[in-house]
file entry.txt (compact mmCIF, C-alpha atoms and all ligand atoms)
# COMPACT_ATOMS: atom_id res chain seq x y z
CA MET W 1 -5.68 -2.19 -33.20
CA SER W 2 -7.60 -3.68 -36.05
CA LEU W 3 -4.81 -5.57 -37.76
CA LYS W 4 -5.67 -9.04 -39.03
CA TYR W 5 -2.72 -10.56 -37.17
CA PRO W 6 -2.16 -8.75 -33.86
CA MET W 7 0.77 -9.40 -31.50
CA VAL W 8 -1.47 -11.36 -29.12
CA ASP W 9 -4.87 -13.05 -29.35
CA LEU W 10 -6.37 -12.79 -25.88
CA GLN W 11 -9.90 -13.22 -27.16
CA GLY W 12 -9.16 -16.52 -28.89
CA GLN W 13 -7.44 -17.77 -25.77
CA TYR W 14 -10.42 -16.77 -23.60
CA LEU W 15 -13.03 -18.34 -25.86
CA LYS W 16 -11.37 -21.76 -25.54
CA ILE W 17 -11.89 -21.78 -21.76
CA LYS W 18 -14.84 -19.39 -21.50
CA PRO W 19 -17.18 -21.56 -19.38
CA GLU W 20 -14.45 -22.22 -16.81
CA ILE W 21 -13.40 -18.58 -16.62
CA ASP W 22 -16.94 -17.26 -16.49
CA SER W 23 -17.96 -19.54 -13.65
CA ALA W 24 -14.78 -18.68 -11.70
CA ILE W 25 -15.63 -14.98 -12.01
CA GLN W 26 -19.25 -15.62 -11.08
CA ALA W 27 -18.16 -17.55 -7.97
CA VAL W 28 -16.26 -14.51 -6.70
CA ILE W 29 -19.28 -12.28 -7.35
CA ASP W 30 -21.56 -14.74 -5.56
CA GLU W 31 -19.20 -14.69 -2.60
CA THR W 32 -18.85 -10.88 -2.87
CA SER W 33 -15.35 -11.30 -1.52
CA PHE W 34 -13.67 -8.97 -3.98
CA ILE W 35 -10.61 -8.27 -1.83
CA LYS W 36 -8.72 -11.05 -0.07
CA GLY W 37 -11.28 -13.65 -1.11
CA SER W 38 -10.53 -17.36 -0.98
CA ALA W 39 -9.40 -17.33 -4.62
CA VAL W 40 -6.32 -15.27 -3.72
CA ASN W 41 -4.87 -17.75 -1.24
CA LYS W 42 -5.84 -20.63 -3.47
CA PHE W 43 -3.95 -19.08 -6.36
CA ALA W 44 -0.90 -18.35 -4.20
CA ASP W 45 -0.86 -22.00 -3.08
CA ASN W 46 -1.27 -23.34 -6.59
CA LEU W 47 1.44 -21.10 -7.98
CA SER W 48 3.87 -21.98 -5.19
CA GLN W 49 3.28 -25.65 -5.95
CA TYR W 50 3.77 -25.09 -9.66
CA LEU W 51 7.01 -23.19 -9.11
CA ASP W 52 8.19 -25.38 -6.25
CA VAL W 53 8.84 -22.32 -4.12
CA LYS W 54 7.92 -21.93 -0.46
CA HIS W 55 6.16 -18.58 -0.58
CA VAL W 56 4.13 -16.74 -3.20
CA ILE W 57 2.89 -13.29 -2.27
CA PRO W 58 0.36 -11.89 -4.76
CA CYS W 59 0.28 -8.13 -5.32
CA GLY W 60 -1.19 -5.44 -7.57
CA ASN W 61 1.13 -5.65 -10.59
CA GLY W 62 4.65 -6.55 -11.66
CA THR W 63 6.05 -3.11 -10.96
CA ASP W 64 4.74 -3.28 -7.38
CA ALA W 65 6.32 -6.71 -7.03
CA LEU W 66 9.74 -5.27 -7.89
CA HIS W 67 9.09 -2.27 -5.64
CA LEU W 68 8.10 -4.49 -2.71
CA ALA W 69 11.11 -6.74 -3.25
CA LEU W 70 13.51 -3.82 -2.92
CA MET W 71 11.56 -2.39 0.05
CA ALA W 72 11.88 -5.73 1.84
CA LEU W 73 15.68 -5.82 1.59
CA ASP W 74 17.51 -3.63 4.06
CA LEU W 75 18.78 -1.04 1.61
CA LYS W 76 19.57 2.60 2.15
CA PRO W 77 19.59 5.58 -0.20
CA GLY W 78 22.64 5.58 -2.44
CA ASP W 79 23.03 1.81 -2.42
CA GLU W 80 23.79 0.49 -5.87
CA ILE W 81 21.67 -2.02 -7.75
CA ILE W 82 23.08 -3.60 -10.88
CA THR W 83 20.69 -4.30 -13.75
CA THR W 84 20.34 -4.38 -17.52
CA PRO W 85 19.54 -1.35 -19.70
CA PHE W 86 17.75 -3.62 -22.19
CA THR W 87 14.43 -4.05 -20.40
CA PHE W 88 11.12 -2.39 -19.67
CA ILE W 89 11.46 0.76 -17.56
CA ALA W 90 9.75 -0.80 -14.51
CA THR W 91 12.88 -2.77 -13.64
CA ALA W 92 14.94 0.37 -13.07
CA GLU W 93 12.12 2.72 -12.09
CA VAL W 94 11.62 1.12 -8.70
CA ILE W 95 15.35 1.39 -7.97
CA SER W 96 15.22 5.13 -8.59
CA LEU W 97 11.95 5.62 -6.70
CA LEU W 98 13.53 4.21 -3.55
CA GLY W 99 16.52 6.56 -3.79
CA LEU W 100 18.80 3.72 -4.80
CA LYS W 101 21.18 3.98 -7.73
CA PRO W 102 20.67 1.88 -10.86
CA VAL W 103 23.99 0.71 -12.28
CA PHE W 104 23.61 -0.64 -15.79
CA VAL W 105 25.74 -3.26 -17.49
CA ASP W 106 25.58 -4.57 -21.04
CA VAL W 107 23.83 -7.71 -22.27
CA TYR W 108 24.89 -10.71 -24.32
CA PRO W 109 24.03 -9.99 -27.96
CA ASP W 110 22.71 -13.53 -28.47
CA THR W 111 20.36 -14.04 -25.49
CA PHE W 112 19.67 -10.31 -24.83
CA ASN W 113 20.19 -11.05 -21.12
CA ILE W 114 22.60 -9.42 -18.67
CA ASN W 115 26.25 -10.42 -19.12
CA PRO W 116 27.70 -11.69 -15.81
CA ASP W 117 31.27 -10.74 -16.83
CA GLU W 118 30.16 -7.13 -16.96
CA ILE W 119 28.52 -7.34 -13.53
CA GLU W 120 31.81 -8.10 -11.78
CA LYS W 121 33.44 -5.02 -13.27
CA VAL W 122 31.03 -2.52 -11.68
CA ILE W 123 30.75 -3.93 -8.17
CA THR W 124 31.73 -1.41 -5.49
CA GLU W 125 31.35 -1.41 -1.71
CA LYS W 126 27.95 0.22 -2.24
CA THR W 127 26.61 -2.58 -4.43
CA ARG W 128 23.81 -4.45 -2.67
CA ALA W 129 21.81 -6.31 -5.30
CA ILE W 130 21.59 -7.56 -8.87
CA ILE W 131 18.32 -7.54 -10.81
CA PRO W 132 18.58 -9.89 -13.78
CA VAL W 133 15.66 -9.74 -16.21
CA HIS W 134 14.65 -12.97 -17.95
CA LEU W 135 13.95 -11.14 -21.17
CA PHE W 136 11.45 -12.34 -23.78
CA GLY W 137 10.98 -15.67 -21.95
CA GLN W 138 14.54 -16.90 -21.58
CA VAL W 139 16.28 -17.13 -18.21
CA ALA W 140 19.47 -15.14 -17.60
CA ASP W 141 22.70 -16.93 -16.73
CA MET W 142 21.62 -17.56 -13.11
CA LYS W 143 24.44 -19.98 -12.35
CA GLU W 144 27.05 -17.27 -12.95
CA ILE W 145 24.93 -14.52 -11.42
CA MET W 146 24.41 -16.50 -8.20
CA LYS W 147 28.13 -17.25 -8.07
CA ILE W 148 28.96 -13.54 -8.25
CA ALA W 149 26.23 -12.71 -5.73
CA GLY W 150 27.58 -15.30 -3.31
CA LYS W 151 31.14 -14.05 -3.67
CA HIS W 152 30.18 -10.41 -3.01
CA ASN W 153 27.30 -11.04 -0.63
CA LEU W 154 24.63 -9.48 -2.87
CA TYR W 155 20.90 -9.98 -3.07
CA VAL W 156 19.44 -11.20 -6.34
CA VAL W 157 15.96 -10.04 -7.36
CA GLU W 158 14.78 -11.83 -10.49
CA ASP W 159 12.53 -9.82 -12.80
CA ASN W 160 10.55 -12.75 -14.12
CA ALA W 161 7.69 -10.79 -15.67
CA GLN W 162 8.39 -12.38 -19.07
CA ALA W 163 9.53 -15.91 -18.27
CA LEU W 164 7.02 -17.50 -15.88
CA GLY W 165 7.30 -21.28 -16.30
CA ALA W 166 10.75 -21.25 -17.92
CA GLU W 167 13.43 -23.43 -16.34
CA VAL W 168 17.14 -22.99 -15.84
CA MET W 169 19.99 -25.27 -14.87
CA CYS W 170 21.79 -24.23 -11.69
CA SER W 171 25.20 -25.10 -10.25
CA ASP W 172 23.90 -28.14 -8.37
CA GLY W 173 22.98 -29.66 -11.74
CA LYS W 174 19.27 -29.35 -11.01
CA LYS W 175 16.65 -27.43 -12.93
CA TYR W 176 14.73 -24.64 -11.23
CA LYS W 177 11.77 -22.57 -12.34
CA ALA W 178 12.71 -19.01 -13.26
CA GLY W 179 12.13 -16.63 -10.38
CA THR W 180 12.82 -19.17 -7.62
CA ILE W 181 16.62 -19.06 -7.63
CA GLY W 182 17.48 -15.59 -6.35
CA THR W 183 16.59 -13.97 -3.02
CA ILE W 184 13.23 -12.87 -4.40
CA GLY W 185 11.49 -13.44 -7.74
CA CYS W 186 8.94 -11.04 -9.20
CA THR W 187 6.37 -11.50 -11.90
CA SER W 188 3.52 -9.72 -13.67
CA PHE W 189 0.09 -10.95 -14.72
CA PHE W 190 -0.48 -8.08 -17.16
CA PRO W 191 -2.98 -9.47 -19.71
CA SER W 192 -0.42 -10.05 -22.48
CA LYS W 193 2.15 -11.78 -20.25
CA ASN W 194 2.49 -15.58 -20.49
CA LEU W 195 0.13 -15.97 -17.53
CA GLY W 196 -2.19 -13.03 -18.06
CA ALA W 197 -5.06 -11.80 -15.90
CA PHE W 198 -8.03 -9.76 -17.14
CA GLY W 199 -6.50 -6.67 -15.61
CA ASP W 200 -3.45 -5.95 -13.48
CA GLY W 201 -1.76 -8.41 -11.19
CA GLY W 202 1.65 -9.48 -9.92
CA ALA W 203 3.41 -11.69 -7.41
CA LEU W 204 6.65 -12.23 -5.51
CA PHE W 205 8.30 -15.56 -4.76
CA THR W 206 10.80 -16.46 -2.06
CA GLN W 207 12.09 -19.44 -0.12
CA ASP W 208 12.80 -17.20 2.90
CA ASP W 209 10.16 -17.26 5.68
CA MET W 210 11.16 -13.92 7.24
CA LEU W 211 11.27 -12.13 3.91
CA ALA W 212 7.91 -13.57 2.91
CA LEU W 213 6.31 -12.24 6.07
CA LYS W 214 7.88 -8.83 5.60
CA ILE W 215 6.78 -8.61 1.98
CA GLN W 216 3.25 -9.59 2.98
CA GLN W 217 3.21 -6.83 5.56
CA LEU W 218 4.75 -4.24 3.25
CA ALA W 219 2.09 -4.96 0.63
CA ASN W 220 -0.57 -4.39 3.27
CA HIS W 221 0.37 -0.99 4.77
CA GLY W 222 3.13 -2.54 6.86
CA MET W 223 0.68 -4.31 9.16
CA LYS W 224 0.37 -7.81 10.49
CA VAL W 225 -2.19 -7.07 13.19
CA ARG W 226 -4.95 -4.84 11.85
CA TYR W 227 -4.26 -1.13 12.45
CA TYR W 228 -0.83 -1.79 13.98
CA HIS W 229 1.84 -0.77 11.46
CA ASP W 230 5.39 -2.09 11.82
CA TYR W 231 6.69 -0.60 8.56
CA VAL W 232 5.77 2.18 6.17
CA GLY W 233 4.21 0.02 3.49
CA ILE W 234 2.03 0.36 0.42
CA ASN W 235 -1.31 -1.01 -0.67
CA SER W 236 -0.80 -3.61 -3.35
CA ARG W 237 -3.27 -6.45 -3.74
CA LEU W 238 -4.33 -8.97 -6.32
CA ASP W 239 -8.13 -8.75 -6.74
CA SER W 240 -10.12 -11.90 -6.04
CA ILE W 241 -11.56 -11.86 -9.55
CA GLN W 242 -8.08 -11.73 -11.07
CA ALA W 243 -6.91 -14.51 -8.77
CA ALA W 244 -9.88 -16.67 -9.78
CA ILE W 245 -9.08 -16.15 -13.46
CA LEU W 246 -5.39 -16.87 -12.91
CA ASN W 247 -6.26 -20.03 -11.02
CA VAL W 248 -7.99 -21.33 -14.13
CA LYS W 249 -5.28 -20.19 -16.52
CA LEU W 250 -2.40 -21.55 -14.42
CA LYS W 251 -3.56 -25.07 -15.30
CA TYR W 252 -2.89 -24.26 -18.95
CA LEU W 253 0.41 -22.42 -18.50
CA ASP W 254 2.61 -25.30 -19.66
CA GLN W 255 0.31 -25.90 -22.61
CA TYR W 256 0.53 -22.20 -23.45
CA ALA W 257 4.32 -22.38 -23.31
CA GLU W 258 4.30 -25.36 -25.66
CA ALA W 259 2.10 -23.49 -28.13
CA ARG W 260 4.52 -20.56 -28.05
CA GLN W 261 7.51 -22.87 -28.49
CA LYS W 262 5.87 -24.55 -31.46
CA ALA W 263 5.19 -21.16 -33.02
CA ALA W 264 8.80 -20.12 -32.42
CA GLN W 265 10.00 -23.29 -34.11
CA PHE W 266 7.88 -22.54 -37.13
CA TYR W 267 9.43 -19.09 -37.48
CA ASP W 268 12.93 -20.48 -36.82
CA THR W 269 12.53 -22.92 -39.68
CA ALA W 270 11.09 -20.31 -42.01
CA PHE W 271 13.91 -17.82 -41.39
CA LYS W 272 16.89 -20.07 -40.77
CA ASN W 273 18.43 -19.79 -44.22
CA ASN W 274 18.13 -16.04 -44.44
CA SER W 275 21.40 -14.34 -43.56
CA ARG W 276 19.72 -11.01 -42.85
CA LEU W 277 17.42 -12.39 -40.15
CA LYS W 278 19.00 -13.65 -36.94
CA THR W 279 16.58 -15.98 -35.17
CA PRO W 280 16.50 -16.21 -31.35
CA PHE W 281 19.38 -18.06 -29.72
CA VAL W 282 18.49 -20.32 -26.82
CA ALA W 283 21.23 -20.83 -24.24
CA PRO W 284 21.88 -24.49 -23.34
CA PHE W 285 21.16 -23.87 -19.64
CA SER W 286 17.67 -22.35 -20.10
CA SER W 287 14.34 -23.18 -21.64
CA HIS W 288 12.56 -20.45 -23.59
CA VAL W 289 8.85 -19.69 -23.16
CA TYR W 290 8.83 -17.05 -25.91
CA HIS W 291 7.01 -14.17 -24.31
CA GLN W 292 8.30 -12.49 -27.46
CA TYR W 293 9.71 -13.85 -30.70
CA THR W 294 12.43 -11.38 -31.52
CA LEU W 295 14.59 -11.26 -34.64
CA VAL W 296 17.76 -9.23 -35.07
CA LEU W 297 17.78 -7.57 -38.48
CA LYS W 298 20.98 -7.30 -40.49
CA GLY W 299 20.92 -4.65 -43.17
CA VAL W 300 17.14 -4.49 -43.26
CA ASN W 301 15.33 -1.16 -42.88
CA ARG W 302 13.23 -1.81 -39.80
CA ILE W 303 10.81 1.08 -40.18
CA ASN W 304 10.04 0.12 -43.76
CA LEU W 305 9.63 -3.55 -42.85
CA MET W 306 7.20 -2.69 -40.07
CA GLU W 307 5.25 -0.43 -42.39
CA TYR W 308 5.12 -3.14 -45.04
CA LEU W 309 3.87 -5.72 -42.54
CA SER W 310 1.30 -3.31 -41.17
CA LYS W 311 -0.05 -2.73 -44.68
CA LYS W 312 -0.48 -6.49 -44.98
CA GLY W 313 -2.39 -6.59 -41.70
CA ILE W 314 0.51 -7.96 -39.66
CA ALA W 315 1.51 -6.41 -36.34
CA SER W 316 5.12 -6.09 -35.26
CA ALA W 317 6.80 -4.27 -32.39
CA VAL W 318 10.14 -3.06 -31.10
CA TYR W 319 11.04 -4.09 -27.55
CA TYR W 320 12.79 -1.82 -26.69
CA PRO W 321 13.61 1.12 -28.97
CA VAL W 322 15.51 3.21 -26.40
CA PRO W 323 17.82 1.55 -23.84
CA LEU W 324 17.20 2.72 -20.29
CA HIS W 325 20.58 4.49 -19.98
CA LEU W 326 19.59 6.77 -22.87
CA GLN W 327 16.09 7.61 -21.60
CA ASN W 328 15.36 11.23 -20.68
CA ALA W 329 14.27 10.09 -17.23
CA TYR W 330 17.77 8.68 -16.62
CA LYS W 331 19.81 11.65 -17.90
CA ASN W 332 20.99 12.57 -14.42
CA TYR W 333 22.91 9.31 -13.99
CA GLY W 334 25.46 10.48 -16.56
CA TYR W 335 25.33 7.66 -19.07
CA LYS W 336 25.92 8.36 -22.74
CA MET W 337 25.60 6.78 -26.16
CA GLY W 338 28.32 4.18 -26.61
CA ASP W 339 28.34 2.99 -22.99
CA PHE W 340 26.57 -0.29 -23.80
CA PRO W 341 27.24 -1.13 -27.45
CA GLN W 342 25.46 -4.52 -27.47
CA THR W 343 22.28 -3.08 -25.98
CA GLU W 344 22.37 -0.07 -28.28
CA ALA W 345 22.82 -2.23 -31.36
CA LEU W 346 19.92 -4.44 -30.30
CA SER W 347 17.66 -1.45 -29.71
CA ASP W 348 18.36 -0.40 -33.29
CA HIS W 349 17.94 -3.79 -34.92
CA VAL W 350 15.40 -5.97 -33.09
CA ILE W 351 11.87 -6.63 -34.24
CA SER W 352 9.27 -8.81 -32.54
CA LEU W 353 6.66 -10.72 -34.53
CA PRO W 354 3.23 -11.88 -33.37
CA ILE W 355 3.51 -14.87 -31.05
CA HIS W 356 0.78 -16.20 -28.80
CA THR W 357 -1.10 -19.31 -27.83
CA GLU W 358 -3.54 -19.23 -30.74
CA MET W 359 -1.13 -19.22 -33.70
CA THR W 360 -1.85 -21.58 -36.59
CA ASP W 361 0.50 -22.78 -39.32
CA GLU W 362 -1.55 -20.80 -41.84
CA ILE W 363 -1.20 -17.55 -39.92
CA GLN W 364 2.49 -18.12 -39.40
CA GLN W 365 3.12 -19.05 -43.01
CA GLU W 366 1.53 -15.82 -44.11
CA ILE W 367 3.53 -13.75 -41.64
CA ALA W 368 6.79 -15.51 -42.54
CA ASP W 369 6.09 -15.13 -46.27
CA LYS W 370 5.51 -11.40 -45.93
CA VAL W 371 8.64 -10.89 -43.84
CA LEU W 372 10.74 -12.81 -46.36
CA GLU W 373 9.08 -11.05 -49.27
CA PHE W 374 10.18 -7.71 -47.90
CA VAL W 375 13.66 -8.81 -46.86
CA ASN W 376 14.38 -10.48 -50.21
CA ASN W 377 13.22 -7.47 -52.23
CA ASN W 378 14.81 -4.65 -50.25
C1 LIG W 401 5.62 -6.22 -17.71
C2 LIG W 401 6.93 -6.03 -17.08
C3 LIG W 401 7.07 -5.42 -15.82
C4 LIG W 401 5.96 -4.72 -15.12
O1 LIG W 401 4.80 -5.41 -14.92
P1 LIG W 401 3.42 -4.61 -14.71
O2 LIG W 401 2.49 -5.66 -14.23
O3 LIG W 401 3.03 -4.02 -16.01
O4 LIG W 401 3.65 -3.57 -13.66
C5 LIG W 401 8.33 -5.39 -15.26
N1 LIG W 401 9.40 -5.88 -15.89
C6 LIG W 401 9.32 -6.45 -17.10
C7 LIG W 401 10.54 -7.01 -17.74
C8 LIG W 401 8.08 -6.53 -17.74
O5 LIG W 401 8.01 -7.08 -18.97
call {"tool": "encode", "arguments": {"input": "entry.txt", "output": "structure tokens"}}
result
Amino acid sequence: MSLKYPMVDLQGQYLKIKPEIDSAIQAVIDETSFIKGSAVNKFADNLSQYLDVKHVIPCGNGTDALHLALMALDLKPGDEIITTPFTFIATAEVISLLGLKPVFVDVYPDTFNINPDEIEKVITEKTRAIIPVHLFGQVADMKEIMKIAGKHNLYVVEDNAQALGAEVMCSDGKKYKAGTIGTIGCTSFFPSKNLGAFGDGGALFTQDDMLALKIQQLANHGMKVRYYHDYVGINSRLDSIQAAILNVKLKYLDQYAEARQKAAQFYDTAFKNNSRLKTPFVAPFSSHVYHQYTLVLKGVNRINLMEYLSKKGIASAVYYPVPLHLQNAYKNYGYKMGDFPQTEALSDHVISLPIHTEMTDEIQQEIADKVLEFVNNN
């Protein structure tokens, strides 16, 4: 993409810490410990300290993290897993791949996150787990979700690919980092995520010693002792080079979140008096780390707006244009249009604007001006 204002600016972010990153990469090469090098354990330790969680298990990517989480829980084919249809496919894909049944429920129109009231309605004796997704950088209503999970004895797997570093208030009145509240938390280090590697990467978090051990084994062909396999596992590792890069970037994660929050505030102010642009709502119990800055359009032609912005050199994107229950891949589960009205309306009306750690007031002013120009003239 050669737009003047892309969705993310990974190059600008890299250049600011280039010497540190370059020497971290070089150190791995000098050690030639590309797999399971010292950087991997170091990163796992640093991340577990940052999150205040007992165990961090690095793996190959965010999808693998979700896959491993479900493999580690004692589930059997046909068991039902409740999740949101307003997310990236990976969340539900792993459910299907393991022969489990995804059961979708609608989201809150304001936070875009799963609506706990809807969860209760679809619980059956086959329900085993809930997968809330902390969409766009804001944590789902974990207090309510954990209450429901406790009442019905369900596992909770947090899909925290988009909200690493965000915090949420729980029922004990304390704040916890997203991904550390449920049974297992999962995240992704895909380059454009809030903590992005220079390739693929992911991790799981848990407070449970037994689960941590099992996940570690599952990610390593089911073995603890070399060539003795206790489970049928997979091969999912974080490369040493990626771990070394992430170790450097983790130090800046809070700073990155602040830069995103500042950018979000700028947009909020620019759009707040426009009745056709609904700015992101932040629930009182969660912080927002703005993986995406997503507006809901009211009576604005989205395709034309995106085309207009693109002509002015401004990127924009739709996350996500087709809810999971209406995807071709999910036809066999029998869902239809109208099942989840909030999600469907959002899919039709959301638009995400560029937001990243390298935004300046000048860039944002130009983007905001162009958005308003279109909205006010169409
Ligand atoms: C990015 C993402 C994933 C998958 O992560 P990968 O590292 O790309 O496999 C899963 N869930 C959500 C919500 C994501 O945004």
call {"tool": "residues_near_ligand", "arguments": {"input": "entry.txt", "ligand": "ligand LIG 401 (chain W)", "cutoff": "7 Å", "atoms": "all atoms listed in the file", "output": "CSV table (one decimal) with C-alpha atoms, keeping the file's coordinate frame"}}
result
chain,number,residue,atom,x,y,z
W,61,ASN,CA,1.1,-5.6,-10.6
W,62,GLY,CA,4.6,-6.6,-11.7
W,63,THR,CA,6.0,-3.1,-11.0
W,64,ASP,CA,4.7,-3.3,-7.4
W,87,THR,CA,14.4,-4.0,-20.4
W,88,PHE,CA,11.1,-2.4,-19.7
W,90,ALA,CA,9.8,-0.8,-14.5
W,91,THR,CA,12.9,-2.8,-13.6
W,133,VAL,CA,15.7,-9.7,-16.2
W,135,LEU,CA,14.0,-11.1,-21.2
W,159,ASP,CA,12.5,-9.8,-12.8
W,160,ASN,CA,10.6,-12.8,-14.1
W,161,ALA,CA,7.7,-10.8,-15.7
W,162,GLN,CA,8.4,-12.4,-19.1
W,187,THR,CA,6.4,-11.5,-11.9
W,188,SER,CA,3.5,-9.7,-13.7
W,189,PHE,CA,0.1,-11.0,-14.7
W,190,PHE,CA,-0.5,-8.1,-17.2
W,200,ASP,CA,-3.4,-6.0,-13.5
W,201,GLY,CA,-1.8,-8.4,-11.2
W,202,GLY,CA,1.6,-9.5,-9.9
call {"tool": "closest_residue", "arguments": {"input": "entry.txt", "among": "W:Gly299, W:Pro109, W:Gly37, W:Pro321", "to": "Ser275 of chain W", "atoms": "only C-alpha atoms"}}
result
W:Gly299
call {"tool": "residues_around", "arguments": {"input": "entry.txt", "residues": "Glu167 of chain W", "least_positions_apart": "6", "cutoff": "6 Å", "atoms": "all atoms listed in the file", "output": "MDAnalysis selection string"}}
result
chainID W and resid 176:178 286:287
call {"tool": "closest_residue", "arguments": {"input": "entry.txt", "among": "W:Gly179, W:Pro191, W:Gly137, W:Pro102", "to": "Val53 of chain W", "atoms": "only C-alpha atoms"}}
result
W:Gly179
call {"tool": "residues_near_point", "arguments": {"input": "entry.txt", "point": "(-14.0, -8.0, -7.0)", "cutoff": "12 Å", "atoms": "only C-alpha atoms", "output": "PyMOL selection string"}}
result
chain W and resi 24-40+198-199+237-245
call {"tool": "atom_distance", "arguments": {"input": "entry.txt", "atom1": "atom CA of Asp361 of chain W", "atom2": "atom CA of Asn304 of chain W"}}
result
25.2 Å
call {"tool": "residues_near_point", "arguments": {"input": "entry.txt", "point": "(23.5, -13.9, -28.1)", "cutoff": "9 Å", "atoms": "only C-alpha atoms", "output": "PyMOL selection string"}}
result
chain W and resi 107-113+280-283
call {"tool": "residues_around", "arguments": {"input": "entry.txt", "residues": "Gly313 of chain W", "least_positions_apart": "5", "cutoff": "8 Å", "atoms": "only C-alpha atoms", "output": "JSON, numbers by chain"}}
result
{"W": [3, 4, 5]}
call {"tool": "closest_residue", "arguments": {"input": "entry.txt", "among": "W:Leu295, W:Met7, W:Ala317, W:Leu66", "to": "Ala92 of chain W", "atoms": "all atoms listed in the file"}}
result
W:Leu66
call {"tool": "residues_around", "arguments": {"input": "entry.txt", "residues": "Leu309 of chain W", "least_positions_apart": "5", "cutoff": "7 Å", "atoms": "all atoms listed in the file", "output": "NGL selection string"}}
result
:W and (314-315 or 370)
call {"tool": "residues_around", "arguments": {"input": "entry.txt", "residues": "Met210 of chain W", "least_positions_apart": "6", "cutoff": "12 Å", "atoms": "only C-alpha atoms", "output": "PyMOL selection string"}}
result
chain W and resi 54-55+72-73+183-184+216-217
call {"tool": "residues_around", "arguments": {"input": "entry.txt", "residues": "Phe136 of chain W", "least_positions_apart": "5", "cutoff": "7 Å", "atoms": "only C-alpha atoms", "output": "list in words"}}
result
Gln162, Ala163, Tyr290, His291 and Gln292 of chain W
call {"tool": "write_last_selection", "arguments": {"input": "entry.txt", "atoms": "C-alpha atoms", "output": "short mmCIF file (atom, residue, chain, number, x, y, z; two decimals), keeping the file's coordinate frame"}}
result
data_model
loop_
_atom_site.label_atom_id
_atom_site.label_comp_id
_atom_site.auth_asym_id
_atom_site.auth_seq_id
_atom_site.Cartn_x
_atom_site.Cartn_y
_atom_site.Cartn_z
CA GLN W 162 8.39 -12.38 -19.07
CA ALA W 163 9.53 -15.91 -18.27
CA TYR W 290 8.83 -17.05 -25.91
CA HIS W 291 7.01 -14.17 -24.31
CA GLN W 292 8.30 -12.49 -27.46
#
call {"tool": "decode", "arguments": {"input": "entry.txt", "residues": "segment 222-245 of chain W", "atoms": "C-alpha atoms", "output": "PDB file, in the first residue's frame"}}
result
ATOM      1  CA  GLY W 222       2.985 -33.433  23.579  1.00  0.00           C
ATOM      2  CA  MET W 223       6.363 -34.149  25.145  1.00  0.00           C
ATOM      3  CA  LYS W 224       8.004 -33.254  28.412  1.00  0.00           C
ATOM      4  CA  VAL W 225      10.893 -35.703  28.179  1.00  0.00           C
ATOM      5  CA  ARG W 226      12.421 -35.661  24.711  1.00  0.00           C
ATOM      6  CA  TYR W 227      10.913 -38.293  22.397  1.00  0.00           C
ATOM      7  CA  TYR W 228       8.365 -39.427  24.995  1.00  0.00           C
ATOM      8  CA  HIS W 229       4.925 -38.126  23.993  1.00  0.00           C
ATOM      9  CA  ASP W 230       2.136 -37.934  26.572  1.00  0.00           C
ATOM     10  CA  TYR W 231      -0.370 -36.180  24.290  1.00  0.00           C
ATOM     11  CA  VAL W 232      -0.969 -35.712  20.591  1.00  0.00           C
ATOM     12  CA  GLY W 233       0.340 -32.171  20.337  1.00  0.00           C
ATOM     13  CA  ILE W 234       1.404 -29.680  17.706  1.00  0.00           C
ATOM     14  CA  ASN W 235       4.569 -27.773  16.929  1.00  0.00           C
ATOM     15  CA  SER W 236       4.092 -24.137  17.816  1.00  0.00           C
ATOM     16  CA  ARG W 237       7.065 -22.040  18.874  1.00  0.00           C
ATOM     17  CA  LEU W 238       8.043 -18.418  19.139  1.00  0.00           C
ATOM     18  CA  ASP W 239      11.354 -17.923  17.289  1.00  0.00           C
ATOM     19  CA  SER W 240      14.273 -16.582  19.317  1.00  0.00           C
ATOM     20  CA  ILE W 241      14.625 -13.608  16.981  1.00  0.00           C
ATOM     21  CA  GLN W 242      10.964 -12.682  17.467  1.00  0.00           C
ATOM     22  CA  ALA W 243      11.312 -13.101  21.226  1.00  0.00           C
ATOM     23  CA  ALA W 244      14.372 -10.835  21.254  1.00  0.00           C
ATOM     24  CA  ILE W 245      12.481  -8.153  19.328  1.00  0.00           C
TER      25      ILE W 245
END
